[in-house]
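*Asks:* Pasting in a structure now, in structure tokens, and then I'll have a few things to ask.
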Amino acid sequence: MEETFSNLETYGYIALFIYSLGGGFLGIVAAGVLSYMGKMDLVTSIAVVFVANALGDVMLFLLTRYQKNMMMESLRKHRRKLALSHILMKKYGDVVIFIQKFIYGVKMIVPIAIALTKYDFKKFFILNLFASFIFAVSFGVASYFFGAPLKAFALFIADNKWLAPVILITLGSILWWYLSHFSKKR
């Protein structure tokens, strides 16, 4: 166990950066709990997640803007999510850039959907920076302050290994229902 924590101290920030390029929710929560335990630095973790999260969305935006054909081929299965993102963008405007950071499942689709429109890159970049900062700070600080109960929950799951698949299947089912419900034809 001590070797694991030593590896986290050595490679944890690199892994956190790579993971946060595509979202980073679980990464920042884990980093917050590890910061609570004294194994990582909270400010550094928040900074890493902020930079990676903002960079990941900007890369998706630019890749889609300049490589539309390639991106559209890989998004064939996600056309309904893409349409949902367009509808949300038309309905709520710039607020979607903030909201998408907190909704699992559409986080990576929204920058792609925005890039397919004529949305101004500079405006997206600034709003995305601000949204990434709010995301990283809110989840980093919250997970740090809830470190004790989250650590106790992780230890409880470690003692009751049968519970982890049940929780994952339940969360996966809820996520599947959510995404299929809101992207259905009406």
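Chain lettering (A, B, ...) mirrors the order of the structure tokens, residue numbering begins at 1 for each chain separately, and ligand numbering begins at 1 in order of display.
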List as a list in words the protein and nucleic acid residues near Met37 (chain A), meaning an atom at most 10 Å away when only C-alpha atoms are counted, but skip any in the same chain fewer than 3 places from it.
*Replies:*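 Returned residues: Ala31, Gly32, Val33, Leu34, Met40, Asp41, Tyr144, Gly147, Ala148 and Lys151 of chain A.
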*Asks:* Excluding Leu175 (chain A) and its own-chain neighbours fewer than 5 positions away, which residues fall within 12 Å of it when counting only C-alpha atoms? Please give them as a ChimeraX atom specification.
*Replies:* /A:103-106,168-170,180-182
*Asks:* Restricting it to C-alpha atoms, dump the selection as a PDB file, in the first residue's frame.
*Replies:*
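Below is the file that was written, out.pdb:
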ATOM      1  CA  ILE A 103     -22.849  16.710 -16.723  1.00  0.00           C
ATOM      2  CA  TYR A 104     -21.192  13.390 -17.312  1.00  0.00           C
ATOM      3  CA  GLY A 105     -21.807  12.000 -20.787  1.00  0.00           C
ATOM      4  CA  VAL A 106     -22.101  15.264 -22.693  1.00  0.00           C
ATOM      5  CA  LEU A 168     -20.948   0.659 -10.868  1.00  0.00           C
ATOM      6  CA  ILE A 169     -23.828  -1.144 -12.566  1.00  0.00           C
ATOM      7  CA  THR A 170     -26.362   1.100 -10.828  1.00  0.00           C
ATOM      8  CA  SER A 180     -31.105   7.754 -23.753  1.00  0.00           C
ATOM      9  CA  HIS A 181     -34.070   9.588 -22.199  1.00  0.00           C
ATOM     10  CA  PHE A 182     -32.883  13.071 -23.125  1.00  0.00           C
TER      11      PHE A 182
END
*Asks:* Determine which residues of region 86-148 of chain A DSSP labels as helix (DSSP H, G or I) from the backbone of this structure, then write them out as a PyMOL selection string.
*Replies:* chain A and resi 86-92+95-102+109-115+121-145+147-148
*Asks:* Taking only C-alpha atoms into account, produce a table as a Markdown table in which each residue of region 92-177 of chain A with an atom at most 12 Å from an atom of region 81-87 of chain A appears once, together with its shortest atom pair and the distance in Å to one decimal, ordered by chain and rising number.
*Replies:*
| residue | atom | partner | partner_atom | distance |
| --- | --- | --- | --- | --- |
| A:Tyr92 | CA | A:Ile87 | CA | 8.4 |
| A:Gly93 | CA | A:Ile87 | CA | 9.5 |
| A:Asp94 | CA | A:His86 | CA | 11.8 |
| A:Val95 | CA | A:Ser85 | CA | 11.9 |
| A:Val96 | CA | A:Ser85 | CA | 8.4 |
| A:Ile97 | CA | A:Ser85 | CA | 10.3 |
| A:Ile99 | CA | A:Ser85 | CA | 11.1 |
| A:Gln100 | CA | A:Ser85 | CA | 9.2 |
| A:Ile103 | CA | A:Ser85 | CA | 11.5 |
| A:Tyr104 | CA | A:Lys81 | CA | 11.9 |
| A:Gly105 | CA | A:Lys81 | CA | 8.6 |
| A:Val106 | CA | A:Lys81 | CA | 7.0 |
| A:Lys107 | CA | A:Ser85 | CA | 9.6 |
| A:Met108 | CA | A:Leu82 | CA | 10.0 |
| A:Ile109 | CA | A:Leu82 | CA | 6.2 |
| A:Val110 | CA | A:Ser85 | CA | 5.6 |
| A:Pro111 | CA | A:Ser85 | CA | 9.0 |
| A:Ile112 | CA | A:Leu82 | CA | 7.9 |
| A:Ala113 | CA | A:Leu82 | CA | 5.9 |
| A:Ile114 | CA | A:His86 | CA | 7.4 |
| A:Ala115 | CA | A:His86 | CA | 10.5 |
| A:Leu116 | CA | A:His86 | CA | 9.3 |
| A:Thr117 | CA | A:His86 | CA | 8.8 |
| A:Tyr119 | CA | A:His86 | CA | 11.6 |
| A:Trp176 | CA | A:Lys81 | CA | 11.9 |
*Asks:* For CA of Lys91 (chain A) and CA of Phe50 (chain A), quote the distance in Å rounded to one decimal.
*Replies:*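 Answer for the CA of Lys91 (chain A) to CA of Phe50 (chain A) separation: 26.9 Å.
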*Asks:* Would you mind telling me which residue in A:Ile174, A:Leu127, A:Ala136, A:Val141 lies nearest to Ala47 (chain A) when using only C-alpha atoms?
*Replies:* A:Ala136
*Asks:* At a cut-off of 12 Å, using only C-alpha atoms, what residues contact Ser45 (chain A)? Leave out same-chain residues fewer than 5 positions from it and give the result as a VMD selection string.
*Replies:* chain A and resid 8 to 9 12 to 17 20 24 27 to 36 39 to 40 50 to 53 133 136 to 137 139 to 141 143 to 144
